[in-house]
file upload.pdb (PDB, C-alpha atoms)
ATOM      1  CA  MET C   1     156.663-142.436-329.988
ATOM      2  CA  ILE C   2     155.767-139.715-327.516
ATOM      3  CA  VAL C   3     152.707-140.392-325.370
ATOM      4  CA  ASP C   4     149.506-138.356-325.640
ATOM      5  CA  GLY C   5     149.495-135.984-322.668
ATOM      6  CA  LEU C   6     146.183-134.412-323.667
ATOM      7  CA  LYS C   7     144.461-137.800-323.682
ATOM      8  CA  ALA C   8     145.978-138.490-320.263
ATOM      9  CA  ILE C   9     144.206-135.428-318.830
ATOM     10  CA  VAL C  10     140.927-136.485-320.458
ATOM     11  CA  ASP C  11     141.354-139.994-319.020
ATOM     12  CA  ILE C  12     142.151-138.625-315.540
ATOM     13  CA  LEU C  13     138.967-136.577-315.573
ATOM     14  CA  LYS C  14     136.879-139.466-316.930
ATOM     15  CA  ALA C  15     138.197-141.726-314.154
ATOM     16  CA  ASP C  16     137.143-139.391-311.341
ATOM     17  CA  THR C  17     133.848-140.478-309.770
ATOM     18  CA  ASP C  18     132.861-136.950-308.706
ATOM     19  CA  ILE C  19     133.345-135.643-312.234
ATOM     20  CA  VAL C  20     131.445-138.589-313.705
ATOM     21  CA  ALA C  21     128.587-137.808-311.304
ATOM     22  CA  LEU C  22     128.398-134.307-312.809
ATOM     23  CA  VAL C  23     129.117-134.807-316.525
ATOM     24  CA  GLY C  24     128.790-138.540-317.157
ATOM     25  CA  THR C  25     131.078-139.466-320.042
ATOM     26  CA  ARG C  26     131.067-135.973-321.565
ATOM     27  CA  VAL C  27     134.787-135.211-321.239
ATOM     28  CA  PHE C  28     136.363-134.469-324.615
ATOM     29  CA  GLY C  29     139.745-133.623-326.079
ATOM     30  CA  VAL C  30     140.226-130.594-328.347
ATOM     31  CA  GLU C  31     136.576-129.844-329.135
ATOM     32  CA  LEU C  32     133.000-130.672-328.318
ATOM     33  CA  PRO C  33     131.761-133.310-330.787
ATOM     34  CA  GLN C  34     129.103-132.065-333.211
ATOM     35  CA  ALA C  35     126.716-134.770-331.942
ATOM     36  CA  GLU C  36     126.725-133.079-328.520
ATOM     37  CA  ALA C  37     125.587-129.708-329.846
ATOM     38  CA  ALA C  38     121.895-130.659-330.059
ATOM     39  CA  SER C  39     121.858-131.456-326.321
ATOM     40  CA  MET C  40     123.703-128.345-325.160
ATOM     41  CA  PRO C  41     123.885-126.441-322.967
ATOM     42  CA  ARG C  42     124.527-129.119-320.393
ATOM     43  CA  LYS C  43     127.446-130.170-318.226
ATOM     44  CA  ALA C  44     130.505-131.173-320.254
ATOM     45  CA  ILE C  45     134.275-130.667-320.230
ATOM     46  CA  VAL C  46     136.579-129.894-323.155
ATOM     47  CA  VAL C  47     140.377-130.052-322.775
ATOM     48  CA  GLN C  48     142.247-128.059-325.454
ATOM     49  CA  PRO C  49     145.971-127.658-326.029
ATOM     50  CA  SER C  50     146.993-124.032-325.578
ATOM     51  CA  GLY C  51     150.353-123.392-327.113
ATOM     52  CA  GLY C  52     152.864-125.272-325.020
ATOM     53  CA  GLY C  53     154.479-125.057-321.668
ATOM     54  CA  VAL C  54     157.044-122.793-320.126
ATOM     55  CA  PHE C  55     159.906-125.211-319.449
ATOM     56  CA  SER C  56     162.620-126.052-321.918
ATOM     57  CA  VAL C  57     162.991-129.526-320.385
ATOM     58  CA  GLY C  58     162.847-132.152-323.117
ATOM     59  CA  SER C  59     163.032-129.663-325.969
ATOM     60  CA  ARG C  60     166.809-129.317-326.344
ATOM     61  CA  ASP C  61     168.210-132.116-324.271
ATOM     62  CA  LEU C  62     167.850-135.828-323.788
ATOM     63  CA  ILE C  63     165.471-135.710-320.834
ATOM     64  CA  GLU C  64     162.329-137.471-321.997
ATOM     65  CA  HIS C  65     159.857-135.289-320.134
ATOM     66  CA  SER C  66     157.617-132.497-321.340
ATOM     67  CA  ASP C  67     155.305-129.913-319.993
ATOM     68  CA  MET C  68     152.075-128.993-321.677
ATOM     69  CA  ARG C  69     149.670-126.148-321.175
ATOM     70  CA  VAL C  70     145.973-126.830-321.669
ATOM     71  CA  ASP C  71     142.787-124.848-321.398
ATOM     72  CA  ILE C  72     139.856-126.605-319.784
ATOM     73  CA  PHE C  73     136.371-125.413-320.666
ATOM     74  CA  CYS C  74     133.595-126.471-318.280
ATOM     75  CA  TYR C  75     130.073-126.160-319.634
ATOM     76  CA  GLY C  76     126.788-126.187-317.754
ATOM     77  CA  GLU C  77     123.123-125.369-318.090
ATOM     78  CA  THR C  78     123.843-122.058-316.330
ATOM     79  CA  VAL C  79     126.994-120.225-315.287
ATOM     80  CA  PHE C  80     126.407-121.516-311.754
ATOM     81  CA  GLU C  81     126.255-125.141-312.986
ATOM     82  CA  ALA C  82     129.334-124.659-315.183
ATOM     83  CA  GLU C  83     131.192-123.366-312.119
ATOM     84  CA  LYS C  84     130.301-126.557-310.217
ATOM     85  CA  VAL C  85     132.033-128.530-312.951
ATOM     86  CA  ARG C  86     135.081-126.225-312.924
ATOM     87  CA  ARG C  87     135.473-126.550-309.154
ATOM     88  CA  GLU C  88     135.370-130.334-309.418
ATOM     89  CA  VAL C  89     137.993-130.275-312.183
ATOM     90  CA  TYR C  90     140.103-127.999-309.989
ATOM     91  CA  ASP C  91     139.858-130.363-307.010
ATOM     92  CA  THR C  92     140.690-133.392-309.142
ATOM     93  CA  LEU C  93     143.711-131.959-310.932
ATOM     94  CA  LYS C  94     145.187-129.819-308.139
ATOM     95  CA  THR C  95     145.257-132.730-305.696
ATOM     96  CA  LEU C  96     146.569-135.253-308.228
ATOM     97  CA  GLY C  97     149.846-136.809-307.127
ATOM     98  CA  ARG C  98     152.391-138.522-309.319
ATOM     99  CA  THR C  99     150.345-141.133-311.146
ATOM    100  CA  ILE C 100     150.262-143.431-314.150
ATOM    101  CA  ILE C 101     147.157-143.218-316.324
ATOM    102  CA  ASN C 102     147.019-145.561-319.319
ATOM    103  CA  THR C 103     150.855-145.747-319.637
ATOM    104  CA  VAL C 104     151.390-141.984-319.151
ATOM    105  CA  LEU C 105     153.427-141.016-316.088
ATOM    106  CA  VAL C 106     152.059-137.677-314.890
ATOM    107  CA  HIS C 107     154.234-135.917-312.327
ATOM    108  CA  TRP C 108     151.865-133.014-311.701
ATOM    109  CA  ILE C 109     149.099-130.845-313.096
ATOM    110  CA  ASN C 110     148.925-127.299-311.715
ATOM    111  CA  PRO C 111     146.723-124.284-312.342
ATOM    112  CA  ALA C 112     148.387-121.940-314.823
ATOM    113  CA  GLY C 113     145.895-119.126-314.543
ATOM    114  CA  GLY C 114     142.769-118.027-312.791
ATOM    115  CA  LEU C 115     139.134-118.568-313.570
ATOM    116  CA  LEU C 116     137.473-116.854-316.499
ATOM    117  CA  SER C 117     133.694-116.833-316.679
ATOM    118  CA  LEU C 118     132.253-116.342-320.135
ATOM    119  CA  ARG C 119     129.759-117.447-322.734
ATOM    120  CA  ASP C 120     130.820-119.421-325.781
ATOM    121  CA  PRO C 121     131.117-116.724-328.467
ATOM    122  CA  ASP C 122     129.415-118.838-331.141
ATOM    123  CA  THR C 123     126.636-120.497-329.140
ATOM    124  CA  GLN C 124     126.240-118.307-326.035
ATOM    125  CA  TRP C 125     126.416-121.429-323.820
ATOM    126  CA  PRO C 126     127.642-120.768-320.255
ATOM    127  CA  VAL C 127     131.264-121.833-319.796
ATOM    128  CA  GLN C 128     133.920-121.527-317.106
ATOM    129  CA  PHE C 129     137.523-121.588-318.277
ATOM    130  CA  GLN C 130     140.865-122.221-316.606
ATOM    131  CA  SER C 131     144.392-122.906-317.884
ATOM    132  CA  TRP C 132     146.540-125.753-316.521
ATOM    133  CA  GLN C 133     150.078-126.992-316.931
ATOM    134  CA  MET C 134     151.108-130.646-316.828
ATOM    135  CA  PHE C 135     154.586-132.163-316.406
ATOM    136  CA  TYR C 136     154.827-135.746-317.693
ATOM    137  CA  SER C 137     157.107-138.411-319.128
ATOM    138  CA  GLU C 138     157.195-138.533-322.929
ATOM    139  CA  ARG C 139     157.670-142.307-322.908
ATOM    140  CA  ALA C 140     155.085-144.928-322.078
ATOM    141  CA  VAL C 141     155.491-146.690-318.751
ATOM    142  CA  SER C 142     153.802-149.769-317.376
TER     143      SER C 142
END
call {"tool": "encode", "arguments": {"input": "upload.pdb", "output": "structure tokens"}}
result
Amino acid sequence: MIVDGLKAIVDILKADTDIVALVGTRVFGVELPQAEAASMPRKAIVVQPSGGGVFSVGSRDLIEHSDMRVDIFCYGETVFEAEKVRREVYDTLKTLGRTIINTVLVHWINPAGGLLSLRDPDTQWPVQFQSWQMFYSERAVS
């Protein structure tokens, strides 16, 4: 079975001490849990899949590697505080070398677009947004 690349990014962010200092354990995959809504806006990170990568590697051949594009939403009490979270995510992912996180071999995670500053359209919470691309092995490693 193919490994969960999205969970690997969540786990990488949750393992970073600087990110934990900012958001605690509030790093989520796909969406912000409903239980968090009552405490928002506050610092949190949501990693969402965003339609796939740009490489064909692994899709039509026998190479067991994939790329994945994700959007990372960084929330904060204000736009300024949300930007602090985004910069820390940027530092963590951009400087990440080839690593194994919970059996997922990640070769790299690179920015796939620039910063977008906005407010959540439904809640008006401050959020900073950036797209990323990850290249990783589809098979679990030890």
call {"tool": "residues_near_point", "arguments": {"input": "upload.pdb", "point": "(146.4, -131.0, -312.2)", "cutoff": "9 Å", "atoms": "all atoms listed in the file", "output": "CSV table (one decimal) with C-alpha atoms, in the frame of the given file"}}
result
chain,number,residue,atom,x,y,z
C,9,ILE,CA,144.2,-135.4,-318.8
C,89,VAL,CA,138.0,-130.3,-312.2
C,90,TYR,CA,140.1,-128.0,-310.0
C,91,ASP,CA,139.9,-130.4,-307.0
C,92,THR,CA,140.7,-133.4,-309.1
C,93,LEU,CA,143.7,-132.0,-310.9
C,94,LYS,CA,145.2,-129.8,-308.1
C,95,THR,CA,145.3,-132.7,-305.7
C,96,LEU,CA,146.6,-135.3,-308.2
C,97,GLY,CA,149.8,-136.8,-307.1
C,108,TRP,CA,151.9,-133.0,-311.7
C,109,ILE,CA,149.1,-130.8,-313.1
C,110,ASN,CA,148.9,-127.3,-311.7
C,111,PRO,CA,146.7,-124.3,-312.3
C,132,TRP,CA,146.5,-125.8,-316.5
C,133,GLN,CA,150.1,-127.0,-316.9
C,134,MET,CA,151.1,-130.6,-316.8
call {"tool": "resolve_selection", "arguments": {"input": "upload.pdb", "expression": "the PyMOL selection byres ((chain C and resi 119-121) around 12)", "output": "PyMOL selection string"}}
result
chain C and resi 32+40-41+73-79+82+116-118+122-129
call {"tool": "write_last_selection", "arguments": {"input": "upload.pdb", "atoms": "C-alpha atoms", "output": "mmCIF file, in the frame of the given file"}}
result
data_model
loop_
_atom_site.group_PDB
_atom_site.id
_atom_site.type_symbol
_atom_site.label_atom_id
_atom_site.label_comp_id
_atom_site.auth_asym_id
_atom_site.auth_seq_id
_atom_site.Cartn_x
_atom_site.Cartn_y
_atom_site.Cartn_z
ATOM 1 C CA LEU C 32 133.000 -130.672 -328.318
ATOM 2 C CA MET C 40 123.703 -128.345 -325.160
ATOM 3 C CA PRO C 41 123.885 -126.441 -322.967
ATOM 4 C CA PHE C 73 136.371 -125.413 -320.666
ATOM 5 C CA CYS C 74 133.595 -126.471 -318.280
ATOM 6 C CA TYR C 75 130.073 -126.160 -319.634
ATOM 7 C CA GLY C 76 126.788 -126.187 -317.754
ATOM 8 C CA GLU C 77 123.123 -125.369 -318.090
ATOM 9 C CA THR C 78 123.843 -122.058 -316.330
ATOM 10 C CA VAL C 79 126.994 -120.225 -315.287
ATOM 11 C CA ALA C 82 129.334 -124.659 -315.183
ATOM 12 C CA LEU C 116 137.473 -116.854 -316.499
ATOM 13 C CA SER C 117 133.694 -116.833 -316.679
ATOM 14 C CA LEU C 118 132.253 -116.342 -320.135
ATOM 15 C CA ASP C 122 129.415 -118.838 -331.141
ATOM 16 C CA THR C 123 126.636 -120.497 -329.140
ATOM 17 C CA GLN C 124 126.240 -118.307 -326.035
ATOM 18 C CA TRP C 125 126.416 -121.429 -323.820
ATOM 19 C CA PRO C 126 127.642 -120.768 -320.255
ATOM 20 C CA VAL C 127 131.264 -121.833 -319.796
ATOM 21 C CA GLN C 128 133.920 -121.527 -317.106
ATOM 22 C CA PHE C 129 137.523 -121.588 -318.277
#
call {"tool": "closest_atom_pairs", "arguments": {"input": "upload.pdb", "of": "stretch 11-80 of chain C", "to": "stretch 135-139 of chain C", "cutoff": "8 Å", "atoms": "all atoms listed in the file", "output": "Markdown table"}}
result
| residue | atom | partner | partner_atom | distance |
| --- | --- | --- | --- | --- |
| C:Glu64 | CA | C:Glu138 | CA | 5.3 |
| C:His65 | CA | C:Ser137 | CA | 4.3 |
| C:Ser66 | CA | C:Tyr136 | CA | 5.6 |
| C:Asp67 | CA | C:Phe135 | CA | 4.3 |
| C:Met68 | CA | C:Phe135 | CA | 6.6 |
call {"tool": "closest_residue", "arguments": {"input": "upload.pdb", "among": "C:Asp4, C:Glu31, C:Asp18, C:Asp11", "to": "C:Arg86", "atoms": "all atoms listed in the file"}}
result
C:Asp18
call {"tool": "atom_distance", "arguments": {"input": "upload.pdb", "atom1": "atom CA of C:Ala140", "atom2": "atom CA of C:Met1"}}
result
8.4 Å
call {"tool": "closest_residue", "arguments": {"input": "upload.pdb", "among": "C:Phe28, C:Gly51, C:Gly5, C:Ile12", "to": "C:Thr99", "atoms": "all atoms listed in the file"}}
result
C:Ile12
call {"tool": "residues_near_point", "arguments": {"input": "upload.pdb", "point": "(132.4, -139.3, -313.0)", "cutoff": "12 Å", "atoms": "all atoms listed in the file", "output": "ChimeraX atom specification"}}
result
/C:10-27,43-45,85,88-89,92
call {"tool": "closest_residue", "arguments": {"input": "upload.pdb", "among": "C:Ala112, C:Glu83, C:Val46, C:Arg98", "to": "C:Gly29", "atoms": "only C-alpha atoms"}}
result
C:Val46
call {"tool": "atom_distance", "arguments": {"input": "upload.pdb", "atom1": "atom CA of C:Ser50", "atom2": "atom CA of C:Ser142"}}
result
27.9 Å
call {"tool": "atom_distance", "arguments": {"input": "upload.pdb", "atom1": "atom CA of C:Val3", "atom2": "atom CA of C:Ala37"}}
result
29.5 Å
call {"tool": "residues_around", "arguments": {"input": "upload.pdb", "residues": "C:Asn102", "least_positions_apart": "2", "cutoff": "8 Å", "atoms": "only C-alpha atoms", "output": "JSON, numbers by chain"}}
result
{"C": [8, 11, 100, 104]}
call {"tool": "closest_residue", "arguments": {"input": "upload.pdb", "among": "C:Leu6, C:Val141, C:Gln130, C:Asp71", "to": "C:Leu105", "atoms": "only C-alpha atoms"}}
result
C:Val141
call {"tool": "build_atoms", "arguments": {"input": "upload.pdb", "residues": "stretch 95-106 of chain C", "atoms": "all heavy atoms", "output": "PDB file, keeping the file's coordinate frame"}}
result
ATOM      1  N   THR C  95     144.867-131.765-306.725  1.00  0.00           N
ATOM      2  CA  THR C  95     145.257-132.730-305.696  1.00  0.00           C
ATOM      3  C   THR C  95     145.891-133.995-306.272  1.00  0.00           C
ATOM      4  O   THR C  95     146.289-134.882-305.522  1.00  0.00           O
ATOM      5  CB  THR C  95     144.042-133.126-304.835  1.00  0.00           C
ATOM      6  OG1 THR C  95     143.047-133.725-305.669  1.00  0.00           O
ATOM      7  CG2 THR C  95     143.461-131.905-304.127  1.00  0.00           C
ATOM      8  N   LEU C  96     146.003-134.063-307.585  1.00  0.00           N
ATOM      9  CA  LEU C  96     146.569-135.253-308.228  1.00  0.00           C
ATOM     10  C   LEU C  96     148.047-135.377-307.891  1.00  0.00           C
ATOM     11  O   LEU C  96     148.817-134.439-308.072  1.00  0.00           O
ATOM     12  CB  LEU C  96     146.394-135.144-309.747  1.00  0.00           C
ATOM     13  CG  LEU C  96     146.863-136.338-310.549  1.00  0.00           C
ATOM     14  CD1 LEU C  96     145.857-137.471-310.413  1.00  0.00           C
ATOM     15  CD2 LEU C  96     147.030-135.955-312.008  1.00  0.00           C
ATOM     16  N   GLY C  97     148.437-136.525-307.379  1.00  0.00           N
ATOM     17  CA  GLY C  97     149.846-136.809-307.127  1.00  0.00           C
ATOM     18  C   GLY C  97     150.444-137.498-308.337  1.00  0.00           C
ATOM     19  O   GLY C  97     149.770-137.759-309.331  1.00  0.00           O
ATOM     20  N   ARG C  98     151.712-137.795-308.241  1.00  0.00           N
ATOM     21  CA  ARG C  98     152.391-138.522-309.319  1.00  0.00           C
ATOM     22  C   ARG C  98     151.618-139.810-309.577  1.00  0.00           C
ATOM     23  O   ARG C  98     151.390-140.606-308.667  1.00  0.00           O
ATOM     24  CB  ARG C  98     153.822-138.810-308.878  1.00  0.00           C
ATOM     25  CG  ARG C  98     154.701-139.331-309.949  1.00  0.00           C
ATOM     26  CD  ARG C  98     156.155-139.302-309.453  1.00  0.00           C
ATOM     27  NE  ARG C  98     157.040-139.758-310.476  1.00  0.00           N
ATOM     28  CZ  ARG C  98     157.701-140.921-310.431  1.00  0.00           C
ATOM     29  NH1 ARG C  98     157.577-141.707-309.381  1.00  0.00           N
ATOM     30  NH2 ARG C  98     158.483-141.261-311.413  1.00  0.00           N
ATOM     31  N   THR C  99     151.202-140.000-310.829  1.00  0.00           N
ATOM     32  CA  THR C  99     150.345-141.133-311.146  1.00  0.00           C
ATOM     33  C   THR C  99     150.589-141.620-312.564  1.00  0.00           C
ATOM     34  O   THR C  99     151.107-140.888-313.407  1.00  0.00           O
ATOM     35  CB  THR C  99     148.859-140.754-310.969  1.00  0.00           C
ATOM     36  OG1 THR C  99     148.051-141.910-311.056  1.00  0.00           O
ATOM     37  CG2 THR C  99     148.406-139.749-312.014  1.00  0.00           C
ATOM     38  N   ILE C 100     150.217-142.868-312.802  1.00  0.00           N
ATOM     39  CA  ILE C 100     150.262-143.431-314.150  1.00  0.00           C
ATOM     40  C   ILE C 100     148.822-143.631-314.600  1.00  0.00           C
ATOM     41  O   ILE C 100     148.033-144.274-313.914  1.00  0.00           O
ATOM     42  CB  ILE C 100     151.016-144.775-314.184  1.00  0.00           C
ATOM     43  CG1 ILE C 100     152.473-144.566-313.787  1.00  0.00           C
ATOM     44  CG2 ILE C 100     150.909-145.405-315.582  1.00  0.00           C
ATOM     45  CD1 ILE C 100     153.256-145.849-313.597  1.00  0.00           C
ATOM     46  N   ILE C 101     148.486-143.047-315.750  1.00  0.00           N
ATOM     47  CA  ILE C 101     147.157-143.218-316.324  1.00  0.00           C
ATOM     48  C   ILE C 101     147.340-143.728-317.756  1.00  0.00           C
ATOM     49  O   ILE C 101     147.904-143.029-318.599  1.00  0.00           O
ATOM     50  CB  ILE C 101     146.321-141.917-316.256  1.00  0.00           C
ATOM     51  CG1 ILE C 101     144.923-142.099-316.797  1.00  0.00           C
ATOM     52  CG2 ILE C 101     146.992-140.771-316.950  1.00  0.00           C
ATOM     53  CD1 ILE C 101     143.942-142.610-315.809  1.00  0.00           C
ATOM     54  N   ASN C 102     146.920-144.959-317.975  1.00  0.00           N
ATOM     55  CA  ASN C 102     147.019-145.561-319.319  1.00  0.00           C
ATOM     56  C   ASN C 102     148.399-145.381-319.947  1.00  0.00           C
ATOM     57  O   ASN C 102     148.523-144.865-321.053  1.00  0.00           O
ATOM     58  CB  ASN C 102     145.931-145.009-320.233  1.00  0.00           C
ATOM     59  CG  ASN C 102     144.553-145.326-319.710  1.00  0.00           C
ATOM     60  OD1 ASN C 102     144.343-146.330-319.046  1.00  0.00           O
ATOM     61  ND2 ASN C 102     143.603-144.465-319.999  1.00  0.00           N
ATOM     62  N   THR C 103     149.431-145.761-319.259  1.00  0.00           N
ATOM     63  CA  THR C 103     150.855-145.747-319.637  1.00  0.00           C
ATOM     64  C   THR C 103     151.502-144.361-319.638  1.00  0.00           C
ATOM     65  O   THR C 103     152.657-144.233-320.015  1.00  0.00           O
ATOM     66  CB  THR C 103     151.130-146.437-320.994  1.00  0.00           C
ATOM     67  OG1 THR C 103     150.715-145.594-322.067  1.00  0.00           O
ATOM     68  CG2 THR C 103     150.486-147.805-321.091  1.00  0.00           C
ATOM     69  N   VAL C 104     150.798-143.320-319.222  1.00  0.00           N
ATOM     70  CA  VAL C 104     151.390-141.984-319.151  1.00  0.00           C
ATOM     71  C   VAL C 104     151.712-141.671-317.690  1.00  0.00           C
ATOM     72  O   VAL C 104     150.825-141.681-316.839  1.00  0.00           O
ATOM     73  CB  VAL C 104     150.443-140.904-319.725  1.00  0.00           C
ATOM     74  CG1 VAL C 104     151.086-139.530-319.617  1.00  0.00           C
ATOM     75  CG2 VAL C 104     150.080-141.215-321.167  1.00  0.00           C
ATOM     76  N   LEU C 105     152.997-141.409-317.429  1.00  0.00           N
ATOM     77  CA  LEU C 105     153.427-141.016-316.088  1.00  0.00           C
ATOM     78  C   LEU C 105     153.274-139.508-315.953  1.00  0.00           C
ATOM     79  O   LEU C 105     153.981-138.732-316.610  1.00  0.00           O
ATOM     80  CB  LEU C 105     154.884-141.415-315.842  1.00  0.00           C
ATOM     81  CG  LEU C 105     155.525-140.888-314.558  1.00  0.00           C
ATOM     82  CD1 LEU C 105     154.768-141.351-313.320  1.00  0.00           C
ATOM     83  CD2 LEU C 105     156.991-141.286-314.498  1.00  0.00           C
ATOM     84  N   VAL C 106     152.317-139.095-315.136  1.00  0.00           N
ATOM     85  CA  VAL C 106     152.059-137.677-314.890  1.00  0.00           C
ATOM     86  C   VAL C 106     152.694-137.320-313.550  1.00  0.00           C
ATOM     87  O   VAL C 106     152.373-137.921-312.530  1.00  0.00           O
ATOM     88  CB  VAL C 106     150.536-137.394-314.856  1.00  0.00           C
ATOM     89  CG1 VAL C 106     150.279-135.940-314.510  1.00  0.00           C
ATOM     90  CG2 VAL C 106     149.894-137.769-316.184  1.00  0.00           C
TER      91      VAL C 106
END
